[in-house]
Amino acid sequence: MYEFTTAIVGLVVLMFFVQEAALQSPVLTLNPAWRKFYPTEKVTLKCEIQSRQTEWSYLWYRDGASMNSALSSSGNEHTIPALDQSHSGIYSCGGRIPGRDVYTEMSNDVTLTVDGEAPKPLLTLDPPSGEIFTGDTVTLSCRAGTDPAGWEYIWYKDTLEETLTSTDSSSTDGSSYTIHSAAVSHGGEYWCRAGRGSPTVYTLYSDSLQLSITARPPAALTLNPARRKFYPTEKVTLKCEIQTRQTGWSYLWYKDGASMNSVLSRGNEYTIPALDQSHRGRYSCRGAIPGRAVYTEMSKDVTLTVDARPQAVLTLETAWTEIFRSDSLTLRCQVEGSSAEWNYTWYRDGRHLPLDPSGDRLTLTAGNDSYSSEYKCRGNRTGQPSYTEISEGFRENNIVLKRKVLVSVASSLLLGLILTVLGGVCLRMKRKLENLCGDREHVSNEEQSTDANAAWSIVLFSIPEKKTEVLPPKQNPEDLTSFKADQ
């Protein structure tokens with residue numbers, strides 16, 4: 001019996017402590033759960049006790065003092081239907097079991113702040129400064145006080161009599177009004193205000209904000225220097241200008257319609273320090289505002305023409321017939337295919353010769369130190385192009401060598417001519433001698449023929465059997481029919 005009684009007492013004590021532990025943490029909340037309230041707004045304080053006990057009496061406190069006599073409560077809720085500044089304070093609550101001296105611990109503190117009047121919203125614009133152009137994205141933001149909770153925003157344009165029905169907002173509570181592609185018609189005067197609660201409490205109207213939408217300006221592209229033709233190695237600067245108050249532009253460059261992103265720059269100039277043929281083409285530009293999808297209109301095309309420089313041509317003015325009897329040579333520099341007036345610069349072995357800059361001729365005097373030198377020239381003038389390509393090189397020793405060769409050839413030809421003439425003379429004399437010798441031989445032969453005829457006469461005369469009549473010989477000793485025999 002004793003053990004049974006002890007167990008019952010222990011169970012009761014345990015239940016008491018468990019119950020006491022469950023009564024230690026009431027939770028006080030505000031509905032709506034705003035940090036700041038305004039006059040005439042409604043608020044409800046709710047005290048919740050986590051316990052199996054269902055019947056409770058609730059005790060309410062403000063700034064640590066009991067206020068049960070001043071509050072009308074319904075269960076665990078206490079409602080203030082129309083706030084004013086006197087309701088501001090630190091609230092807490094507690095619970096008690098009716099008919100028993102059992103109390104919960106005190107709840108957490110909740111601060112209720114009631115301002116003197118509804119706030120005036122702050123209306124802001126993004127982008128915050130600078131011009132706004134057609135096609136730009138514009139966001140107007142409205143903020144009511146320091147506590148944005150619970151507010152629903154109302155937008156007005158040009159008049160407070162009508163609200164904006166389509167507010168392309170980017171937030172669920174409508175605190176921002178976004179124009180994704182601005183047009184000139186979006187320009188005007190804007191206001192906002194906010195309301196919350198039931199009955200609705202409205203803020204004051206915001207200050208007005210004037211929104212101006214400007215048509216996108218065109219970009220203007222110019223060349224400096226402003227010429228139609230350029231030449232290799234020259235420097236040129238392309239300048240992109242935008243007539244607008246907006247600052248901080250970035251510039252995009254295009255060649256033959258293709259983007260040149262590698263030369264994207266900020267100030268507004270693109271400089272080519274040394275032109276070549278690859279830089280020829282049609283250039284254009286436009287501006288962009290960093291961080292915004294805003295571009296100017298494309299500029300008109302500017303054609304950059306890079307022509308080859310005129311060619312200086314170096315020639316030998318001394319005639320070949322004069323080379324044999326002169327110790328000097330004259331070189332002449334001319335600009336191929338150009339009728340303009342040029343000055344000339346002369347070079348020997350790559351170094352500038354300090355000569356009269358206007359001279360187009362250079363006279364070289366024979367000298368051992370100049371035989372191996374190479375001469376070049378270049379045309380210069382004050383107009384464009386300001387100078388030509390350098391001519392091909394001329395070496396004096398080539399002319400000296402050619403002169404030696406020509407002299408040698410001429411000497412050989414002269415010697416051959418003399419020998420030919422002498423040979424002809426000798427041949428003619430030889431023929432004359434041969435003719436003279438032939439005549440003498442002919443005379444000798446005639447004499448020999450006469451002696452033979454005489455011999456034949458003697459022979460014929462000595463034939464004893466016949467009587468012969470010796471006839472006188474004719475002029476032709478070879479004619480053996482000049483005699484007649486007697487029968």
# chains A, B, ... in the order shown; residues from 1 in each chain; ligands from 1
call {"tool": "select_by_dssp", "arguments": {"residues": "stretch 221-346 of chain A", "states": "strand (DSSP E or B)", "output": "ChimeraX atom specification"}}
result
/A:221-224,229-230,236-242,250-255,258-259,265,269-272,281-288,295,297,302-306,311-316,328-335,343-346
call {"tool": "atom_distance", "arguments": {"atom1": "atom CA of A:Cys142", "atom2": "atom CA of A:Pro121"}}
result
6.1 Å
call {"tool": "closest_residue", "arguments": {"among": "A:Trp34, A:Ala183, A:Gln311, A:Leu140", "to": "A:Leu112", "atoms": "only C-alpha atoms"}}
result
A:Trp34
call {"tool": "atom_distance", "arguments": {"atom1": "atom CA of A:Ile49", "atom2": "atom CA of A:Ser25"}}
result
6.8 Å
call {"tool": "atom_distance", "arguments": {"atom1": "atom CA of A:Asp307", "atom2": "atom CA of A:Arg286"}}
result
27.1 Å
